[in-house]
Amino acid sequence: VPKSGRRDVDATERALFFLAFDVARPRRCIKYAYDHVGELRVIFIKSAGRIWCAGGDPKDFQAAQKMESEGRAADNSAGAQEFANRLKYVNECPVPVVALVAGPVFGGGVGICSVCDMVVCTERAAFQLSEVKLGVIPATISPYVVQAMGVRNARRYFTTGEPINAATAEAIGLASEVVKDVKGLELCGNQPVEWTRPAKLQTSLARSHRSRFG
């Protein structure tokens, strides 16, 4: 969202490219945020459908196991590193990133929420480390999830994979605020964003990280 009005919608759309599969796009979009830090006020992440994030494809998990069994551990590690890079780019973004969650969040989506500066969700939202049910450790997202919900809670949900409702998510720190419905999320997105970082601080952050993205 630009600092004045909402005319630069394209800027917001380009800033969301970090969710794309191409690992080059996250670098371009975050660099865009650095270069235009005085123009962008906040980046919102929201879903177009009923599910906010369905997590990783089980077929990818099977493919990863096959790579390991065939001695292609390096290929498997490259995929995990790619996702880790995306999370790192969002975590270090100089423009505040806010997740607007209106539905279920599974697996890696919990990691994406954990690297956002704020998570606002509806009462029907739920979060689940669903990969645990498949015998997969949420390793790549774990540093950010642990930071968001704390060690004790992480031990529980990394073990059980049980769903976390909106109220519990707010209580343990995974969600920042719970609103009644989608209209509440829209109000959050349209209201003046007074709680975002001041422009001077954004500029300082941009300068401190600019060298990483050249």
# chains A, B, ... in the order shown; residues from 1 in each chain; ligands from 1

call {"tool": "residues_around", "arguments": {"residues": "range 93-104 of chain A", "least_positions_apart": "6", "cutoff": "6 Å", "atoms": "only C-alpha atoms", "output": "PyMOL selection string"}}
result
chain A and resi 42-46+50-52+116-122+125-127+202+205-206

call {"tool": "closest_residue", "arguments": {"among": "A:Ala84, A:Ala171, A:Val110, A:Val115", "to": "Phe158 in chain A", "atoms": "only C-alpha atoms"}}
result
A:Val110

call {"tool": "atom_distance", "arguments": {"atom1": "CA of Glu123 in chain A", "atom2": "CA of Ala167 in chain A"}}
result
7.4 Å

call {"tool": "atom_distance", "arguments": {"atom1": "CA of Cys188 in chain A", "atom2": "CA of Glu170 in chain A"}}
result
16.4 Å

call {"tool": "atom_distance", "arguments": {"atom1": "CA of Cys53 in chain A", "atom2": "CA of Ser114 in chain A"}}
result
13.1 Å

call {"tool": "residues_around", "arguments": {"residues": "range 134-150 of chain A", "least_positions_apart": "4", "cutoff": "10 Å", "atoms": "only C-alpha atoms", "output": "count of residues only"}}
result
36

call {"tool": "select_by_dssp", "arguments": {"residues": "range 66-192 of chain A", "states": "strand (DSSP E)", "output": "list in words"}}
result
Val97, Val98, Ala99, Leu100, Val101, Pro104, Val105, Phe106, Met118, Val119, Val120, Cys121, Thr122, Ala126, Phe127, Gln128, Ile164, Asn165, Glu177, Val178 and Val179 of chain A

call {"tool": "write_last_selection", "arguments": {"atoms": "N, CA and C atoms", "output": "PDB file, in the first residue's frame"}}
result
ATOM      1  N   VAL A  97       5.235  -6.116   6.610  1.00  0.00           N
ATOM      2  CA  VAL A  97       4.428  -7.114   5.906  1.00  0.00           C
ATOM      3  C   VAL A  97       3.344  -7.618   6.857  1.00  0.00           C
ATOM      4  N   VAL A  98       2.097  -7.540   6.410  1.00  0.00           N
ATOM      5  CA  VAL A  98       0.958  -7.931   7.246  1.00  0.00           C
ATOM      6  C   VAL A  98       0.167  -9.023   6.544  1.00  0.00           C
ATOM      7  N   ALA A  99      -0.039 -10.147   7.227  1.00  0.00           N
ATOM      8  CA  ALA A  99      -0.857 -11.234   6.692  1.00  0.00           C
ATOM      9  C   ALA A  99      -2.302 -11.016   7.114  1.00  0.00           C
ATOM     10  N   LEU A 100      -3.210 -11.019   6.140  1.00  0.00           N
ATOM     11  CA  LEU A 100      -4.650 -10.931   6.407  1.00  0.00           C
ATOM     12  C   LEU A 100      -5.236 -12.305   6.130  1.00  0.00           C
ATOM     13  N   VAL A 101      -5.514 -13.044   7.192  1.00  0.00           N
ATOM     14  CA  VAL A 101      -5.867 -14.458   7.079  1.00  0.00           C
ATOM     15  C   VAL A 101      -7.363 -14.663   7.307  1.00  0.00           C
ATOM     16  N   PRO A 104      -8.159 -21.317   6.594  1.00  0.00           N
ATOM     17  CA  PRO A 104      -7.158 -22.233   7.137  1.00  0.00           C
ATOM     18  C   PRO A 104      -5.758 -21.973   6.572  1.00  0.00           C
ATOM     19  N   VAL A 105      -4.764 -22.215   7.418  1.00  0.00           N
ATOM     20  CA  VAL A 105      -3.359 -22.086   7.028  1.00  0.00           C
ATOM     21  C   VAL A 105      -2.664 -23.392   7.383  1.00  0.00           C
ATOM     22  N   PHE A 106      -2.076 -24.030   6.392  1.00  0.00           N
ATOM     23  CA  PHE A 106      -1.429 -25.317   6.620  1.00  0.00           C
ATOM     24  C   PHE A 106       0.072 -25.242   6.347  1.00  0.00           C
ATOM     25  N   MET A 118       2.936  -8.575  11.229  1.00  0.00           N
ATOM     26  CA  MET A 118       1.661  -8.729  11.915  1.00  0.00           C
ATOM     27  C   MET A 118       0.824  -9.769  11.194  1.00  0.00           C
ATOM     28  N   VAL A 119      -0.010 -10.470  11.951  1.00  0.00           N
ATOM     29  CA  VAL A 119      -0.971 -11.417  11.381  1.00  0.00           C
ATOM     30  C   VAL A 119      -2.340 -11.072  11.937  1.00  0.00           C
ATOM     31  N   VAL A 120      -3.236 -10.637  11.078  1.00  0.00           N
ATOM     32  CA  VAL A 120      -4.614 -10.352  11.473  1.00  0.00           C
ATOM     33  C   VAL A 120      -5.480 -11.430  10.850  1.00  0.00           C
ATOM     34  N   CYS A 121      -6.262 -12.133  11.644  1.00  0.00           N
ATOM     35  CA  CYS A 121      -7.054 -13.236  11.122  1.00  0.00           C
ATOM     36  C   CYS A 121      -8.506 -13.142  11.577  1.00  0.00           C
ATOM     37  N   THR A 122      -9.368 -13.839  10.866  1.00  0.00           N
ATOM     38  CA  THR A 122     -10.778 -13.887  11.239  1.00  0.00           C
ATOM     39  C   THR A 122     -10.985 -14.992  12.271  1.00  0.00           C
ATOM     40  N   ALA A 126      -7.684 -20.872  11.030  1.00  0.00           N
ATOM     41  CA  ALA A 126      -7.036 -21.923  11.820  1.00  0.00           C
ATOM     42  C   ALA A 126      -5.657 -22.178  11.234  1.00  0.00           C
ATOM     43  N   PHE A 127      -4.746 -22.580  12.093  1.00  0.00           N
ATOM     44  CA  PHE A 127      -3.363 -22.806  11.686  1.00  0.00           C
ATOM     45  C   PHE A 127      -2.974 -24.234  12.057  1.00  0.00           C
ATOM     46  N   GLN A 128      -2.256 -24.899  11.166  1.00  0.00           N
ATOM     47  CA  GLN A 128      -1.887 -26.288  11.454  1.00  0.00           C
ATOM     48  C   GLN A 128      -0.580 -26.654  10.759  1.00  0.00           C
ATOM     49  N   ILE A 164      -4.755 -25.159  15.355  1.00  0.00           N
ATOM     50  CA  ILE A 164      -4.692 -24.032  16.288  1.00  0.00           C
ATOM     51  C   ILE A 164      -5.755 -23.030  15.865  1.00  0.00           C
ATOM     52  N   ASN A 165      -6.788 -22.852  16.688  1.00  0.00           N
ATOM     53  CA  ASN A 165      -7.837 -21.914  16.293  1.00  0.00           C
ATOM     54  C   ASN A 165      -7.368 -20.476  16.465  1.00  0.00           C
ATOM     55  N   GLU A 177      -3.880 -10.196  15.974  1.00  0.00           N
ATOM     56  CA  GLU A 177      -5.220  -9.689  16.249  1.00  0.00           C
ATOM     57  C   GLU A 177      -6.243 -10.570  15.558  1.00  0.00           C
ATOM     58  N   VAL A 178      -7.394 -10.749  16.185  1.00  0.00           N
ATOM     59  CA  VAL A 178      -8.486 -11.529  15.609  1.00  0.00           C
ATOM     60  C   VAL A 178      -9.681 -10.611  15.374  1.00  0.00           C
ATOM     61  N   VAL A 179     -10.210 -10.638  14.155  1.00  0.00           N
ATOM     62  CA  VAL A 179     -11.401  -9.862  13.827  1.00  0.00           C
ATOM     63  C   VAL A 179     -12.542 -10.828  13.523  1.00  0.00           C
TER      64      VAL A 179
END

call {"tool": "closest_residue", "arguments": {"among": "A:Ser47, A:Asn153, A:Ser176, A:Thr160", "to": "Glu131 in chain A", "atoms": "only C-alpha atoms"}}
result
A:Thr160
